[in-house]
>>> print(open('protein03.tsv').read())   # TSV, C-alpha atoms and all ligand atoms
chain	number	residue	atom	x	y	z
A	1	MET	CA	7.53	24.22	8.40
A	2	SER	CA	10.60	22.49	9.86
A	3	THR	CA	12.97	24.65	11.90
A	4	ALA	CA	16.03	22.70	10.70
A	5	LYS	CA	18.23	24.85	8.50
A	6	THR	CA	18.44	24.02	4.82
A	7	LEU	CA	21.80	23.37	3.19
A	8	PHE	CA	21.70	26.86	1.70
A	9	GLN	CA	20.84	28.50	5.04
A	10	LYS	CA	23.91	26.76	6.51
A	11	ILE	CA	26.02	28.08	3.62
A	12	ALA	CA	24.58	31.59	4.10
A	13	ASP	CA	25.51	31.37	7.80
A	14	ARG	CA	29.05	30.19	6.87
A	15	GLU	CA	28.50	26.85	8.63
A	16	ILE	CA	29.32	25.07	5.34
A	17	PRO	CA	31.99	26.55	3.05
A	18	ALA	CA	31.21	27.75	-0.47
A	19	GLU	CA	32.72	30.15	-2.99
A	20	PHE	CA	30.64	33.32	-2.76
A	21	ILE	CA	30.32	35.38	-5.92
A	22	HIS	CA	27.77	37.89	-4.62
A	23	GLU	CA	25.88	38.78	-1.46
A	24	ASP	CA	23.32	41.44	-0.58
A	25	ASP	CA	20.44	41.85	1.89
A	26	LEU	CA	18.09	39.56	-0.03
A	27	CYS	CA	20.23	36.94	-1.73
A	28	PHE	CA	23.64	35.44	-2.34
A	29	ALA	CA	25.33	33.60	-5.19
A	30	ILE	CA	27.78	30.73	-4.93
A	31	ARG	CA	29.53	28.35	-7.31
A	32	ASP	CA	27.76	25.02	-7.66
A	33	ILE	CA	29.78	22.16	-6.14
A	34	ASN	CA	28.99	19.92	-9.15
A	35	PRO	CA	29.10	22.29	-12.14
A	36	GLN	CA	27.10	21.39	-15.25
A	37	ALA	CA	28.71	24.12	-17.38
A	38	PRO	CA	32.01	26.06	-17.29
A	39	THR	CA	30.19	28.66	-15.18
A	40	HIS	CA	27.48	27.26	-12.88
A	41	LEU	CA	26.28	29.52	-10.10
A	42	LEU	CA	23.37	29.27	-7.69
A	43	VAL	CA	21.51	32.49	-6.87
A	44	ILE	CA	19.71	31.91	-3.61
A	45	PRO	CA	17.28	34.00	-1.53
A	46	LYS	CA	18.25	34.40	2.13
A	47	ARG	CA	14.60	34.00	3.11
A	48	LEU	CA	13.51	30.38	2.76
A	49	ILE	CA	11.04	29.73	-0.05
A	50	PRO	CA	11.01	25.94	-0.57
A	51	ARG	CA	10.09	26.02	-4.27
A	52	VAL	CA	8.24	28.08	-6.88
A	53	ALA	CA	5.02	26.12	-6.36
A	54	GLU	CA	4.99	27.29	-2.73
A	55	SER	CA	5.73	30.93	-3.48
A	56	SER	CA	3.13	33.63	-2.94
A	57	SER	CA	2.56	37.29	-3.69
A	58	ASP	CA	4.74	38.03	-0.62
A	59	ASP	CA	7.68	36.67	-2.63
A	60	VAL	CA	7.32	38.83	-5.75
A	61	ASP	CA	10.05	41.27	-4.72
A	62	VAL	CA	12.62	38.64	-3.79
A	63	LEU	CA	11.91	36.49	-6.85
A	64	GLY	CA	12.28	39.52	-9.10
A	65	HIS	CA	15.48	40.39	-7.28
A	66	LEU	CA	16.92	36.93	-8.02
A	67	VAL	CA	16.42	37.41	-11.76
A	68	VAL	CA	17.73	40.99	-11.82
A	69	THR	CA	20.75	39.97	-9.71
A	70	SER	CA	21.43	37.01	-12.01
A	71	GLY	CA	21.55	39.41	-14.95
A	72	LYS	CA	23.93	41.74	-13.12
A	73	ILE	CA	26.23	38.85	-12.17
A	74	ALA	CA	26.22	37.61	-15.77
A	75	ARG	CA	27.12	41.10	-17.03
A	76	ASP	CA	29.86	41.49	-14.41
A	77	LEU	CA	31.37	38.12	-15.38
A	78	GLY	CA	31.21	38.91	-19.11
A	79	LEU	CA	28.57	36.24	-19.76
A	80	ALA	CA	25.73	38.43	-20.98
A	81	ASN	CA	25.95	37.11	-24.57
A	82	GLY	CA	24.63	33.71	-23.50
A	83	PHE	CA	23.51	32.18	-20.25
A	84	ARG	CA	20.60	30.15	-18.98
A	85	LEU	CA	18.60	30.52	-15.77
A	86	VAL	CA	16.93	27.36	-14.44
A	87	ILE	CA	14.72	26.73	-11.41
A	88	ASN	CA	13.95	23.06	-10.73
A	89	ASN	CA	10.61	22.57	-8.97
A	90	GLY	CA	9.95	19.12	-7.50
A	91	LYS	CA	11.76	15.80	-7.67
A	92	GLN	CA	10.63	15.04	-11.23
A	93	ALA	CA	12.23	18.28	-12.41
A	94	GLY	CA	15.51	17.51	-10.64
A	95	GLU	CA	15.06	19.50	-7.43
A	96	THR	CA	17.38	18.13	-4.74
A	97	VAL	CA	17.61	21.04	-2.28
A	98	PRO	CA	14.22	22.26	-0.93
A	99	HIS	CA	15.26	25.93	-0.83
A	100	LEU	CA	14.40	27.75	-4.04
A	101	HIS	CA	17.44	28.75	-6.09
A	102	VAL	CA	18.22	29.92	-9.61
A	103	HIS	CA	20.89	28.02	-11.53
A	104	LEU	CA	22.95	30.38	-13.72
A	105	LEU	CA	24.65	28.30	-16.41
A	106	ALA	CA	27.04	29.65	-19.04
A	107	GLY	CA	30.16	28.98	-21.05
A	108	ARG	CA	28.94	26.29	-23.44
A	109	PRO	CA	26.17	25.91	-26.03
A	110	MET	CA	22.83	25.10	-24.38
A	111	ASP	CA	20.54	22.57	-26.04
A	112	TRP	CA	16.83	23.06	-26.48
A	113	PRO	CA	14.65	21.36	-25.39
A	114	PRO	CA	16.55	20.98	-22.11
A	115	GLY	CA	17.07	17.47	-20.73
B	201	LIG	P1	18.64	21.40	-7.46
B	201	LIG	O1	19.00	19.98	-7.85
B	201	LIG	O2	17.87	21.41	-6.15
B	201	LIG	O3	17.98	22.20	-8.53
B	201	LIG	O4	20.02	22.13	-7.23
B	201	LIG	C1	20.82	21.92	-6.10
B	201	LIG	C2	22.23	22.23	-6.50
B	201	LIG	O5	23.00	22.38	-5.33
B	201	LIG	C3	22.90	21.12	-7.34
B	201	LIG	O6	23.30	21.65	-8.60
B	201	LIG	C4	24.08	20.70	-6.48
B	201	LIG	O7	25.23	20.38	-7.24
B	201	LIG	C5	24.29	21.89	-5.58
B	201	LIG	N1	24.87	21.57	-4.30
B	201	LIG	C6	24.55	20.52	-3.50
B	201	LIG	N2	25.27	20.55	-2.36
B	201	LIG	C7	26.09	21.64	-2.47
B	201	LIG	C8	27.07	22.20	-1.59
B	201	LIG	O8	27.36	21.71	-0.50
B	201	LIG	N3	27.71	23.31	-2.04
B	201	LIG	C9	27.44	23.90	-3.24
B	201	LIG	N4	28.13	24.98	-3.58
B	201	LIG	N5	26.50	23.39	-4.08
B	201	LIG	C10	25.83	22.28	-3.69
>>> encode(input="protein03.tsv", output="C-alpha cells")
Amino acid sequence: MSTAKTLFQKIADREIPAEFIHEDDLCFAIRDINPQAPTHLLVIPKRLIPRVAESSSDDVDVLGHLVVTSGKIARDLGLANGFRLVINNGKQAGETVPHLHVHLLAGRPMDWPPG
C-alpha cells in the first residue's frame, strides 16, 4: 500500500481545512465540500480502509462504529426522521477518494432507486 496520505488523512491531520462535526478515537465527520443535499456529511475512519471491497474481519468494529456514529450525529442534528447513508465502492459507483467513508445525506426527499 502507498505511504502517501489520502485526502482524508490530510484533513484528519489538519493539513487541509474542513468543517469538523464530530471526532473520536476511531473516526471523524466533516461537511462535504460539494454538498448533494442540505446536510451532507462524510463519516470517515481514521484508520485507512480503501473501500468496502478491501475490508476484512479486522474492520468489523470500525465499520460498525461508522454506522452507529452516523446515527448519533443524525439524532444530534435533528435529522433522525429521514437521512440516507451511502458508501460508494469503485469508480463505477462514484468513488473518487480511495479512503472508505460514509456519506450522510439529509434535508430533502431521497429518490429510490438512487442515481
Ligand atoms: P466519493 O466520491 O469518494 O464517494 O466521495 C468523496 C467526497 O469527498 C465527495 O462527495 C467530495 O465532494 C468530497 N470531497 C472531495 N474533496 C474534499 C475536500 O477537500 N473537503 C471536503 N470536505 N470534502 C471533499
>>> residues_near_ligand(input="protein03.tsv", ligand="ligand LIG 201 (chain B)", cutoff="8 Å", atoms="only C-alpha atoms and all ligand atoms", output="number ranges by chain")
A: 7-8, 11, 16-19, 30-36, 42, 86-89, 93-103
>>> closest_residue(input="protein03.tsv", among="A:Ala80, A:Val43, A:Val52, A:Leu105", to="Asp24 of chain A", atoms="all atoms listed in the file")
A:Val43
>>> atom_distance(input="protein03.tsv", atom1="atom CA of Lys46 of chain A", atom2="atom CA of Cys27 of chain A")
5.0 Å
>>> residues_around(input="protein03.tsv", residues="Arg47 of chain A", least_positions_apart="3", cutoff="12 Å", atoms="all atoms listed in the file", output="PyMOL selection string")
chain A and resi 5-6+8-9+12+25-28+44+50-51+55+58-59+61-63+66+99-101
>>> closest_residue(input="protein03.tsv", among="A:Pro114, A:Gly107, A:Gly64, A:Leu48", to="Ala4 of chain A", atoms="all atoms listed in the file")
A:Leu48
>>> atom_distance(input="protein03.tsv", atom1="atom CA of Gln92 of chain A", atom2="atom CA of Gly115 of chain A")
11.7 Å
>>> axis_aligned_box(input="protein03.tsv", around="segment 66-73 of chain A", padding_each_side="3 Å", output="AutoDock Vina command-line options")
--center_x 21.3 --center_y 39.3 --center_z -11.5 --size_x 15.8 --size_y 10.8 --size_z 12.9
>>> residues_around(input="protein03.tsv", residues="Pro109 of chain A", least_positions_apart="5", cutoff="12 Å", atoms="all atoms listed in the file", output="number ranges by chain")
A: 36-39, 81-84, 114
>>> atom_distance(input="protein03.tsv", atom1="atom CA of Asp13 of chain A", atom2="atom CA of Ile49 of chain A")
16.5 Å
>>> residues_around(input="protein03.tsv", residues="Leu104 of chain A", least_positions_apart="3", cutoff="6 Å", atoms="only C-alpha atoms", output="count of residues only")
4
>>> closest_residue(input="protein03.tsv", among="A:Ser57, A:Glu23, A:Arg14, A:Lys72", to="Pro45 of chain A", atoms="all atoms listed in the file")
A:Glu23
>>> build_atoms(input="protein03.tsv", residues="segment 11-42 of chain A", atoms="N, CA and C atoms", output="mmCIF file, keeping the file's coordinate frame")
data_model
loop_
_atom_site.group_PDB
_atom_site.id
_atom_site.type_symbol
_atom_site.label_atom_id
_atom_site.label_comp_id
_atom_site.auth_asym_id
_atom_site.auth_seq_id
_atom_site.Cartn_x
_atom_site.Cartn_y
_atom_site.Cartn_z
ATOM 1 N N ILE A 11 24.981 27.400 4.409
ATOM 2 C CA ILE A 11 26.020 28.080 3.620
ATOM 3 C C ILE A 11 25.943 29.591 3.855
ATOM 4 N N ALA A 12 24.736 30.141 3.872
ATOM 5 C CA ALA A 12 24.580 31.590 4.100
ATOM 6 C C ALA A 12 25.161 31.977 5.456
ATOM 7 N N ASP A 13 25.008 31.099 6.442
ATOM 8 C CA ASP A 13 25.510 31.370 7.800
ATOM 9 C C ASP A 13 26.970 30.960 7.981
ATOM 10 N N ARG A 14 27.615 30.572 6.879
ATOM 11 C CA ARG A 14 29.050 30.190 6.870
ATOM 12 C C ARG A 14 29.301 28.958 7.749
ATOM 13 N N GLU A 15 28.289 28.109 7.901
ATOM 14 C CA GLU A 15 28.500 26.850 8.630
ATOM 15 C C GLU A 15 29.038 25.778 7.683
ATOM 16 N N ILE A 16 28.789 25.958 6.384
ATOM 17 C CA ILE A 16 29.320 25.070 5.340
ATOM 18 C C ILE A 16 30.021 25.986 4.335
ATOM 19 N N PRO A 17 31.259 25.648 3.953
ATOM 20 C CA PRO A 17 31.990 26.550 3.050
ATOM 21 C C PRO A 17 31.450 26.527 1.623
ATOM 22 N N ALA A 18 31.579 27.639 0.946
ATOM 23 C CA ALA A 18 31.210 27.750 -0.470
ATOM 24 C C ALA A 18 31.945 28.960 -1.021
ATOM 25 N N GLU A 19 32.090 28.994 -2.348
ATOM 26 C CA GLU A 19 32.720 30.150 -2.990
ATOM 27 C C GLU A 19 31.639 31.178 -3.299
ATOM 28 N N PHE A 20 31.638 32.263 -2.554
ATOM 29 C CA PHE A 20 30.640 33.320 -2.760
ATOM 30 C C PHE A 20 31.061 34.217 -3.912
ATOM 31 N N ILE A 21 30.096 34.496 -4.784
ATOM 32 C CA ILE A 21 30.320 35.380 -5.920
ATOM 33 C C ILE A 21 29.639 36.722 -5.670
ATOM 34 N N HIS A 22 28.594 36.694 -4.849
ATOM 35 C CA HIS A 22 27.770 37.890 -4.620
ATOM 36 C C HIS A 22 27.021 37.695 -3.313
ATOM 37 N N GLU A 23 26.763 38.824 -2.621
ATOM 38 C CA GLU A 23 25.880 38.780 -1.460
ATOM 39 C C GLU A 23 25.265 40.157 -1.256
ATOM 40 N N ASP A 24 23.972 40.192 -0.966
ATOM 41 C CA ASP A 24 23.320 41.440 -0.580
ATOM 42 C C ASP A 24 22.269 41.107 0.480
ATOM 43 N N ASP A 25 21.403 42.062 0.791
ATOM 44 C CA ASP A 25 20.440 41.850 1.890
ATOM 45 C C ASP A 25 19.466 40.711 1.605
ATOM 46 N N LEU A 26 19.155 40.503 0.328
ATOM 47 C CA LEU A 26 18.090 39.560 -0.030
ATOM 48 C C LEU A 26 18.581 38.212 -0.527
ATOM 49 N N CYS A 27 19.784 38.184 -1.097
ATOM 50 C CA CYS A 27 20.230 36.940 -1.730
ATOM 51 C C CYS A 27 21.735 36.824 -1.745
ATOM 52 N N PHE A 28 22.205 35.648 -2.134
ATOM 53 C CA PHE A 28 23.640 35.440 -2.340
ATOM 54 C C PHE A 28 23.823 34.486 -3.514
ATOM 55 N N ALA A 29 25.021 34.498 -4.078
ATOM 56 C CA ALA A 29 25.330 33.600 -5.190
ATOM 57 C C ALA A 29 26.629 32.886 -4.905
ATOM 58 N N ILE A 30 26.605 31.571 -5.174
ATOM 59 C CA ILE A 30 27.780 30.730 -4.930
ATOM 60 C C ILE A 30 28.049 29.875 -6.166
ATOM 61 N N ARG A 31 29.259 29.331 -6.249
ATOM 62 C CA ARG A 31 29.530 28.350 -7.310
ATOM 63 C C ARG A 31 28.946 27.006 -6.921
ATOM 64 N N ASP A 32 28.301 26.353 -7.898
ATOM 65 C CA ASP A 32 27.760 25.020 -7.660
ATOM 66 C C ASP A 32 28.905 24.034 -7.444
ATOM 67 N N ILE A 33 28.720 23.127 -6.481
ATOM 68 C CA ILE A 33 29.780 22.160 -6.140
ATOM 69 C C ILE A 33 29.964 21.117 -7.241
ATOM 70 N N ASN A 34 28.956 20.945 -8.086
ATOM 71 C CA ASN A 34 28.990 19.920 -9.150
ATOM 72 C C ASN A 34 28.585 20.587 -10.466
ATOM 73 N N PRO A 35 29.493 21.431 -11.019
ATOM 74 C CA PRO A 35 29.100 22.290 -12.140
ATOM 75 C C PRO A 35 28.700 21.519 -13.397
ATOM 76 N N GLN A 36 27.632 21.991 -14.014
ATOM 77 C CA GLN A 36 27.100 21.390 -15.250
ATOM 78 C C GLN A 36 27.449 22.234 -16.470
ATOM 79 N N ALA A 37 28.252 23.250 -16.293
ATOM 80 C CA ALA A 37 28.710 24.120 -17.380
ATOM 81 C C ALA A 37 29.969 24.810 -16.861
ATOM 82 N N PRO A 38 30.792 25.386 -17.761
ATOM 83 C CA PRO A 38 32.010 26.060 -17.290
ATOM 84 C C PRO A 38 31.748 27.086 -16.192
ATOM 85 N N THR A 39 30.638 27.820 -16.302
ATOM 86 C CA THR A 39 30.190 28.660 -15.180
ATOM 87 C C THR A 39 28.838 28.115 -14.721
ATOM 88 N N HIS A 40 28.746 27.745 -13.454
ATOM 89 C CA HIS A 40 27.480 27.260 -12.880
ATOM 90 C C HIS A 40 27.362 27.841 -11.479
ATOM 91 N N LEU A 41 26.504 28.849 -11.383
ATOM 92 C CA LEU A 41 26.280 29.520 -10.100
ATOM 93 C C LEU A 41 24.880 29.220 -9.608
ATOM 94 N N LEU A 42 24.689 29.372 -8.302
ATOM 95 C CA LEU A 42 23.370 29.270 -7.690
ATOM 96 C C LEU A 42 23.062 30.623 -7.057
#
